[in-house]
Structure formats: structure tokens, C-alpha cells
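Structure record follows, encoded as C-alpha cells.
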Amino acid sequence: MSEEYKREHVFGIDYGTSDFKYGPIALGETPEVVENRGYFVDKDSLMSKLMDVRREVVVGKELPLFLESRKSLAERMVYPMRNGVIEKDDWRAWRVVEELTKYALNSFAPTNEEFDGFYLVASISMVAPRYMYEKLFEIFKKMNYEKTLVKAATIIPQPLAVAIAHKIPTCVVVESGHGNSQICPISMYPIRDAVLALNRGGSSANILMAEILKDAGYGDLAKEESLVRRVKEELGLLPRDLDSAIDYAKANPEKVHARLKIPGTRIVVDLGEHSWTRFLVGEYVFDPNHEIFQSYFTRGMPKPSDIKIGDTFFYGMMDMAEAIIESVEKCPIELQPHLYSKILLSGGNFSWKVPEGLKGVAVTSDLKLTSMLHEKGIENVEVKITEEPRFSVWRGCIVYGYAVPVDYEWNWNRMEGWLYLA
Amino acid sequence: MHRRLKPEDLVAAIYEEEGFYEVERKEEGILGASSRIILSDGRRELAVNILDEDALMIHGAIHDALLQAEKLKEKYSGVAIAIPRRFKRAVDEGVLSMHDLGLIVYDMMGAEEVVPPKFAERIEAMEDSGAAIEEKLVNIEEIVKIRSDIGRILRILEELEARLDRLERAQRSLEIRMNRIEQRSSRVEVKVRETPRIRDQARSGSKKLPSYLVDNPWIDILSRRE
């Protein structure tokens with residue numbers, strides 16, 4: 001198979017925690033995006049009989065058409081990659097992954113006779129255990145049962161894809177997703193031994209936001225996860241220094257006052273005198289060790305705990321800067337300054353806004369982390385938030401597939417290369 | 001790997017069951033035969049003159065063989081001649097039997113004793129002498145030792161043959177692997193030639209390529225993976 005053919009038929013898939021990004025190289029700058037979820041249809045329901053639904057799982061853009069009651073939503077909707085790791089025997093999650101993969105490949109498979117399958121580059125979490133790779137390759141192989149969709153496949157960790165998309169060969173990629181955050185140093189290859197994971201992500205900030213909403217009198221709204229997430233994204237702030245920010249908020253309540261109207265509804269969220277708590281949301285993601293969070297823990301909010309998923313240990317309470325330092329210090333000393341000089345922040349969890357009147361008090365993620373690292377004595381730090389973080393993993397997949405030679409075959413020791421399936 | 005058995009081996013094999021083992025083999029300079037083997041069971045010695053097809057093409061070869069065999073009777077307890085099976089009709093079995101000569105026929109499949117040789121009781125004369133008996137016992141002990149040595153050598157030979165088989169298999173597998181590697185290295189050469197094209201394309205800022213591919217140092221790094 002020629003390099004020419006491969007370059008024209010590279011197909012990228014990013015199995016993100018929330019969104020599933022996919023598409024061939026021909027799409028150019030942006031991939032197709034659907035939510036990374038699947039709905040198990042109740043075949044006995046009247047609706048599915050009327051619509052003649054024969055599929056077990058529905059994925060993709062037409063999914064909302066099949067939804068039933070809110071109760072069944074919780075039972076039948078599966079988000080397979082919420083934590084980046086799928087349990088080995090979670091057959092429902094694997095079914096959704098299989099269906100999404102088939103959906104993606106069939107959406108773009110050419111019908112001409114010359115087509116002999118895509119060169120598929122899939123990207124999954126850095127902390128994904130080996131069985132996930134094996135299971136995914138099994139799924140890719142299944143794709144060829146009816147017609148050849150996958151000529152060869154490879155799987156790369158998401159942080160590597162981010163580094164590739166941003167054209168930086170030596171860096172530290174900090175990927176913060178829904179359920180957790182991963183710190184991965186990269187120097188031409190991902191340095192797997194130095195990977196460090198935190199059991200905190202977007203969902204942790206959502207939990208705190210829900211507690212804040214309860215305190216502000218919106219206990220009913222706090223149960224709606226999507227609404228809580230929206231309030232967090234609109235009102236949550238990341239302080240440069242939490243104590244100073246709280247002092248500032250208490251001295252200048254009008255400047256920090258937060259009010260949000262949810263478009264298309266009658267709902268208005270006004271944090272009122274609790275507006276200072278906006279700073280807690282961002283701080284919690286970066287450092288949950290401030291004493292102020294203790295009051296939430298004692299009132300029943302779950303404390304991020306140390307857990308082990310697959311082969312990886314996820315730290316609950318380690319602050320973000322400490323985690324980066326610990327990870328970098330597992331690398332050769334000569335390499336460490338180069339790693340600190342390029343820290344890439346990837347994922348929606350780093351998109352904190354700075355309102356006009358709060359500059360200096362509230363900061364963006366790159367400034368916050370730079371400041372935290374300086375406090376810990378790390379100089380010459382350059383922290384950068386990735387551009388278009390939503391698509392960077394998919395772009396990295398395309399570059400990887402485009403450049404890696406066709407005869408570089410998959411090897412389980414180095415976890416790289418093409419596995420030929422057709 | 002199996003080596004093809006010689007007529008001498010085939011003939012020796014039919015007497016092995018009777019307790020005879022080969023003590024001597026001559027393949028050159030034999031009058032009236034192509035080769036000769038001497039078999040012994042410790043008490044008696046049997047001489048077998050073996051004629052191959054080439055030898056039998058000579059006119060009067062059978063007669064010559066019989067006359068030479070007759071002479072051997074003085075020296076050995078029993079004498080036989082072995083001929084290829086398809087020449088069996090050329091020999092009168094009754095005459096051979098009358099002269100106490102044995103007849104063996106052989107082909108690719110094995111050997112067959114058509115007329116058993118008659119053994120002369122030559123050892124009786126020696127029984128009178130105690131020294132002779134002792135000498136004979138010594139000989140028997142030696143022979144038993146030689147037999148066990150031969151058995152051991154045969155086992156070693158079998159092991160060596162098995163090892164040779166394994167080595168040949170390993171050699172074949174290595175040859176296949178070498179061929180693959182050679183093919184691969186030719187593909188690598190092709191790739192080395194193609195790599196600059198990939199890089200050039202990515203560097204040229206071609207309108208076809210998305211922005212993240214243009215001037216991306218990873219193209220160079222990844223295209224060198226091997």
C-alpha cells in the first residue's frame with residue numbers, strides 16, 4: 001500500500017470525554033462532532049415500533065429523535081468515556097463505542113472501487129489501560145465484516161495528539177476533561193513513566209457549583225447537571241489568589257455580583273451576597289486544599305479521593321502545579337527546563353473567563369498556573385492554552401496518520417505503529 | 001531426514017531378529033560379489049556375498065558368485081548370497097539348498113531370506129579345549145560389549161539425525177526471515193526516498209494542506225519512525 005494512498009485516506013477519531021470528533025483528512029480544519037454517547041432504544045416501546053427501529057443503540061445526530069422520558073434517559077443513555085477509561089466488562093459502553101465508530105466511518109466511506117479502507121488514527125486518554133487498546137482494535141476489525149472500512153489502525157494518547165497539533169515536539173500537555181486531568185510530558189514520544197493523573201476535572205467544579213447554587217437558594221436547579229455546568233461556565237471565576245479575591249469581592253460586592261438569565265426559559269440565577277463564591281469554582285480545579293473548601297466537605301460534598309483506575313493512580317487533592325512538578329521531575333534533569341518552558345493546557349476545563357472589571361483579580365488558566373509554579377520556585381515557565389482545544393486532538397490524529405510511514409507496524413511494547421486489519 | 005538404506009543394511013536387518021549383528025563389512029575387492037557382510041550371533045558367523053544389479057549384468061556372474069561362496073564355507077559357519085529380487089529366477093533354489101548355501105533377495109522395500117543357509121557345527125571341535133572355551137567366553141563378553149556400544153552409537157546417530165532435522169528447519173525459517181528483512185529494507189529505501197516529498201509538501205504551504213500540517217516539525221519526526 002502506497003504512502004500516497006495512505007495520505008489521502010487518513011481518518012481521525014477523538015474519543016473525547018464529552019464529544020466524539022471524527023472525519024477524514026479531506027475535511028481540512030474541523031472535524032464532524034457528535035456527543036460521545038449512545039441511547040439504548042426500548043424496542044418494546046410504542047414509538048420504536050411505530051418508527052420501525054431495529055437498532056439496539058442509537059448514536060449521532062439523530063439521537064435526540066429517539067429520546068423518551070427523563071427517567072428512561074438516565075437508564076438508557078450511556079456516556080462511555082466519561083472518565084477516559086471504560087471498564088473491561090462494561091458491555092454497554094463498548095457497544096456505544098462500536099456504534100459510534102461505525103457511524104463515523106460509514107459517514108465518509110467512499111463508494112468507489114479504489115477505496116480499500118481508511119488509515120484510522122484513534123485517540124484515547126493517556127491513562128487508558130492496555131485492554132482498551134485491545135478492545136478498540138477488535139472493534140476496528142469488526143468494522144470490516146460487511147465491507148472494508150479500516151485498512152490499518154493505530155491508537156495514540158490524546159496528549160500526544162495535542163502536542164502534534166500544536167507543532168511542539170517537547171512539552172508538557174495538561175489535559176483536563178470531565179472526570180479527571182492528566183499531565184503528560186512529551187519529548188518526541190509521550191514519556192509514559194512520568195504521566196500523572198488527578199481525580200479532578202470539570203465534574204468536580206460542577207459539584208462545587210451545585211453546592212453554591214444550593215446555598216444561594218437554587219436547590220431545585222442544582223439537580224440539573226447541564227444547567228449547573230452552564231452556570232459554572234458563565235459565572236465561575238479563577239482567582240489569581242483566592243484570599244485576595246475574596247477580600248476584593250467582599251469590599252466590592254457590586255463588581256463581583258453575578259446574575260445569569262437562562263435563554264429560552266424564565267430562569268434567572270442571581271448569586272446575590274454569595275457572589276464571592278464565584279472564585280471558589282475555578283480555584284477548586286487548580287487547588288482544592290484551601291481551608292474554605294473544608295466547610296463544603298463537612299457538609300457532605302464529596303472530597304476528591306485518591307483512586308486507582310486501570311493501572312493509573314489518580315490523586316484527589318494534589319494541586320495542579322505540584323502535579324506538574326512531580327511529573328516533570330520523573331524526567332531526565334537535562335530535559336526538565338525544556339518541559340517547563342512549554343506547558344500546554346488542553347480541554348474545556350481551562351476556559352475560564354475574565355470579566356472586564358475584574359482583571360487582575362480573576363485570571364486565565366495560563367496565568368494562574370504560571371503564578372502557582374513561580375510560587376513553588378519554578379522559573380522560565382511558559383504556559384499556553386491550546387487554540388481551539390475542541391479540535392486539537394483530531395488534528396493531531398490527522399498529522400500522525402499523514403506522517404507515520406505505512407510500513408511502521410504496530411508494536412505492543414512501544415504502543416505505536418499501524419496494525420493492518422484488511 | 002531419512003537416508004536411503006543400502007542392500008547391506010537390508011540384509012543385516014533380517015538377521016538382527018535372530019540375534020546376529022554385523023561385525024564386518026567390505027565394499028571393495030570382493031571376488032564374485034559387489035560387497036560382503038559378516039554377521040555373528042556370538043557362536044556362529046554368517047558371510048553374505050551381496051551382488052548388485054551392475055554386478056549381475058556381467059555374463060556368468062551368478063556362477064562366479066556361487067563358486068566364491070562355496071570357498072567361504074571353509075572359513076564361516078554359514079554362507080549366503082544376496083541378489084536383487086528381480087534376478088531371483090536366475091538361481092535354482094534347490095541347488096543352493098543342496099550345497100548348504102543360503103539365498104537372500106532384496107529390493108527397495110527390504111530383504112527376504114528365500115533359502116536359509118545351513119550352519120556347520122564348527123565350534124564342536126573347540127569344546128574339548130578348556131582354554132578355547134575361556135577364549136570364546138572372553139570373545140562373547142567382548143562381543144556383548146561391542147553390541148551395547150553399537151546400540152549406543154545407533155542411539156547417538158538417531159539423536160544427531162533429529163538434531164540435524166531441527167537445524168534444517170531452523171535454517172529454513174531463518175532463510176524466510178532473511179528474505180522478509182531484505183524485502184523490508186528495500187521498502188525502507190523507498191520510504192527514505194519518499195520522506196523528503198512528505199516534508200516538502202508540508203513545508204511548501206500547499207493550499208491543499210490544512211494549517212496544522214504546514215511547517216509542523218512532527219511531520220519530520222513521525223516520518224522517521226521505523
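The way I read the labels, and the way they are meant: chains A, B, ... in the order of the C-alpha cells, residue 1 as the first residue of every chain, and ligand 1 as the first ligand shown, with later ones counted on from there.
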
Which residues are close to range 118-120 of chain B, i.e. within 8 Å by only C-alpha atoms, leaving aside same-chain residues fewer than 3 positions away? Reply as an MDAnalysis selection string.
chainID B and resid 44 77:79 100:102

Within 12 Å of Asn83 in chain A, counting only C-alpha atoms, which residues qualify if same-chain residues fewer than 3 places away don't, as an MDAnalysis selection string?
chainID A and resid 15:18 36 79:80 86:87 93 124:128 176:182 197:203 308:310 314

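Proximity of A:Val172, A:Val285, A:Ala165, A:Val256 to Ser351 in chain A, computed with only C-alpha atoms, is greatest for A:Val285.
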
Per-residue nearest contacts chain A to chain B, cut-off 8 Å, using only C-alpha atoms, as a tab-separated table:
residue	atom	partner	partner_atom	distance
A:Gly28	CA	B:Pro210	CA	5.2
A:Glu29	CA	B:Pro210	CA	5.8
A:Ile164	CA	B:Trp218	CA	6.1
A:Ala165	CA	B:Tyr212	CA	5.9
A:His166	CA	B:Tyr212	CA	7.3
A:Lys167	CA	B:Asn216	CA	5.1
A:Ile168	CA	B:Pro217	CA	7.4
A:Pro169	CA	B:Trp218	CA	6.5
A:Met188	CA	B:Ile221	CA	7.1
A:Arg395	CA	B:Tyr212	CA	7.0
A:Val399	CA	B:Leu213	CA	6.1
A:Tyr400	CA	B:Leu222	CA	6.9
A:Tyr402	CA	B:Ile219	CA	7.8
A:Ala403	CA	B:Ser223	CA	4.9
A:Val404	CA	B:Ser223	CA	4.8
A:Pro405	CA	B:Ser223	CA	5.7
A:Asp407	CA	B:Arg187	CA	7.7
A:Tyr408	CA	B:Glu226	CA	5.4

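Here CA of Ile25 in chain A stands at a distance of 12.3 Å from CA of Ala109 in chain A.
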
Excluding range 144-158 of chain B and its own-chain neighbours fewer than 6 positions away, which residues fall within 10 Å of it when counting only C-alpha atoms? Please give them as a list in words.
Tyr21, Glu22, Val23, Asp41, Gly42, Val138 and Leu164 of chain B

Residues of range 35-120 of chain B in alpha helix (DSSP H) according to DSSP, as a PDB file with N, CA and C atoms, in the first residue's frame?
ATOM      1  N   GLU B  53      22.855 -54.922  -9.053  1.00  0.00           N
ATOM      2  CA  GLU B  53      22.390 -55.086 -10.440  1.00  0.00           C
ATOM      3  C   GLU B  53      23.529 -54.954 -11.448  1.00  0.00           C
ATOM      4  N   ASP B  54      24.442 -54.056 -11.173  1.00  0.00           N
ATOM      5  CA  ASP B  54      25.569 -53.860 -12.104  1.00  0.00           C
ATOM      6  C   ASP B  54      26.408 -55.132 -12.199  1.00  0.00           C
ATOM      7  N   ALA B  55      26.632 -55.733 -11.023  1.00  0.00           N
ATOM      8  CA  ALA B  55      27.465 -56.945 -10.990  1.00  0.00           C
ATOM      9  C   ALA B  55      26.810 -58.075 -11.771  1.00  0.00           C
ATOM     10  N   LEU B  56      25.488 -58.135 -11.686  1.00  0.00           N
ATOM     11  CA  LEU B  56      24.770 -59.226 -12.347  1.00  0.00           C
ATOM     12  C   LEU B  56      24.652 -59.040 -13.859  1.00  0.00           C
ATOM     13  N   ALA B  61      28.041 -64.095 -13.954  1.00  0.00           N
ATOM     14  CA  ALA B  61      28.256 -63.520 -12.620  1.00  0.00           C
ATOM     15  C   ALA B  61      27.682 -64.412 -11.523  1.00  0.00           C
ATOM     16  N   ILE B  62      26.517 -65.017 -11.794  1.00  0.00           N
ATOM     17  CA  ILE B  62      25.872 -65.863 -10.787  1.00  0.00           C
ATOM     18  C   ILE B  62      26.742 -67.078 -10.472  1.00  0.00           C
ATOM     19  N   HIS B  63      27.251 -67.701 -11.522  1.00  0.00           N
ATOM     20  CA  HIS B  63      28.097 -68.882 -11.307  1.00  0.00           C
ATOM     21  C   HIS B  63      29.342 -68.535 -10.515  1.00  0.00           C
ATOM     22  N   ASP B  64      29.938 -67.434 -10.914  1.00  0.00           N
ATOM     23  CA  ASP B  64      31.139 -66.971 -10.216  1.00  0.00           C
ATOM     24  C   ASP B  64      30.837 -66.725  -8.733  1.00  0.00           C
ATOM     25  N   ALA B  65      29.680 -66.104  -8.500  1.00  0.00           N
ATOM     26  CA  ALA B  65      29.284 -65.798  -7.126  1.00  0.00           C
ATOM     27  C   ALA B  65      29.113 -67.074  -6.310  1.00  0.00           C
ATOM     28  N   LEU B  66      28.490 -68.074  -6.898  1.00  0.00           N
ATOM     29  CA  LEU B  66      28.259 -69.331  -6.187  1.00  0.00           C
ATOM     30  C   LEU B  66      29.574 -70.040  -5.868  1.00  0.00           C
ATOM     31  N   LEU B  67      30.492 -70.020  -6.858  1.00  0.00           N
ATOM     32  CA  LEU B  67      31.789 -70.676  -6.631  1.00  0.00           C
ATOM     33  C   LEU B  67      32.566 -69.984  -5.510  1.00  0.00           C
ATOM     34  N   GLN B  68      32.533 -68.657  -5.541  1.00  0.00           N
ATOM     35  CA  GLN B  68      33.248 -67.911  -4.496  1.00  0.00           C
ATOM     36  C   GLN B  68      32.607 -68.162  -3.121  1.00  0.00           C
ATOM     37  N   ALA B  69      31.280 -68.262  -3.128  1.00  0.00           N
ATOM     38  CA  ALA B  69      30.568 -68.522  -1.873  1.00  0.00           C
ATOM     39  C   ALA B  69      30.944 -69.893  -1.325  1.00  0.00           C
ATOM     40  N   GLU B  70      31.040 -70.853  -2.208  1.00  0.00           N
ATOM     41  CA  GLU B  70      31.422 -72.212  -1.812  1.00  0.00           C
ATOM     42  C   GLU B  70      32.749 -72.200  -1.055  1.00  0.00           C
ATOM     43  N   LYS B  71      33.690 -71.359  -1.566  1.00  0.00           N
ATOM     44  CA  LYS B  71      35.008 -71.304  -0.925  1.00  0.00           C
ATOM     45  C   LYS B  71      34.910 -70.758   0.504  1.00  0.00           C
ATOM     46  N   LEU B  72      33.944 -69.850   0.708  1.00  0.00           N
ATOM     47  CA  LEU B  72      33.821 -69.209   2.029  1.00  0.00           C
ATOM     48  C   LEU B  72      33.368 -70.185   3.114  1.00  0.00           C
ATOM     49  N   GLU B  93      16.936 -72.621  -6.506  1.00  0.00           N
ATOM     50  CA  GLU B  93      16.949 -72.676  -5.048  1.00  0.00           C
ATOM     51  C   GLU B  93      17.340 -74.071  -4.534  1.00  0.00           C
ATOM     52  N   GLY B  94      16.942 -75.072  -5.286  1.00  0.00           N
ATOM     53  CA  GLY B  94      17.239 -76.451  -4.881  1.00  0.00           C
ATOM     54  C   GLY B  94      18.729 -76.719  -4.854  1.00  0.00           C
ATOM     55  N   VAL B  95      19.423 -76.208  -5.855  1.00  0.00           N
ATOM     56  CA  VAL B  95      20.874 -76.420  -5.926  1.00  0.00           C
ATOM     57  C   VAL B  95      21.556 -75.752  -4.739  1.00  0.00           C
ATOM     58  N   LEU B  96      21.122 -74.530  -4.466  1.00  0.00           N
ATOM     59  CA  LEU B  96      21.727 -73.791  -3.349  1.00  0.00           C
ATOM     60  C   LEU B  96      21.517 -74.545  -2.038  1.00  0.00           C
ATOM     61  N   SER B  97      20.279 -75.025  -1.851  1.00  0.00           N
ATOM     62  CA  SER B  97      19.954 -75.739  -0.636  1.00  0.00           C
ATOM     63  C   SER B  97      20.810 -76.999  -0.497  1.00  0.00           C
ATOM     64  N   MET B  98      21.026 -77.683  -1.660  1.00  0.00           N
ATOM     65  CA  MET B  98      21.839 -78.904  -1.670  1.00  0.00           C
ATOM     66  C   MET B  98      23.277 -78.616  -1.230  1.00  0.00           C
TER      67      MET B  98
END

Suppose you want the space between CA of Glu27 in chain B and CA of Val115 in chain B; what is it in Å?
23.4 Å

Name all residues at most 9 Å from Gly38 in chain A (count only C-alpha atoms; drop same-chain ones fewer than 6 positions away) and give them as a VMD selection string.
chain A and resid 57 to 60 63 76 to 80 92 to 93 95 to 97 99 to 100
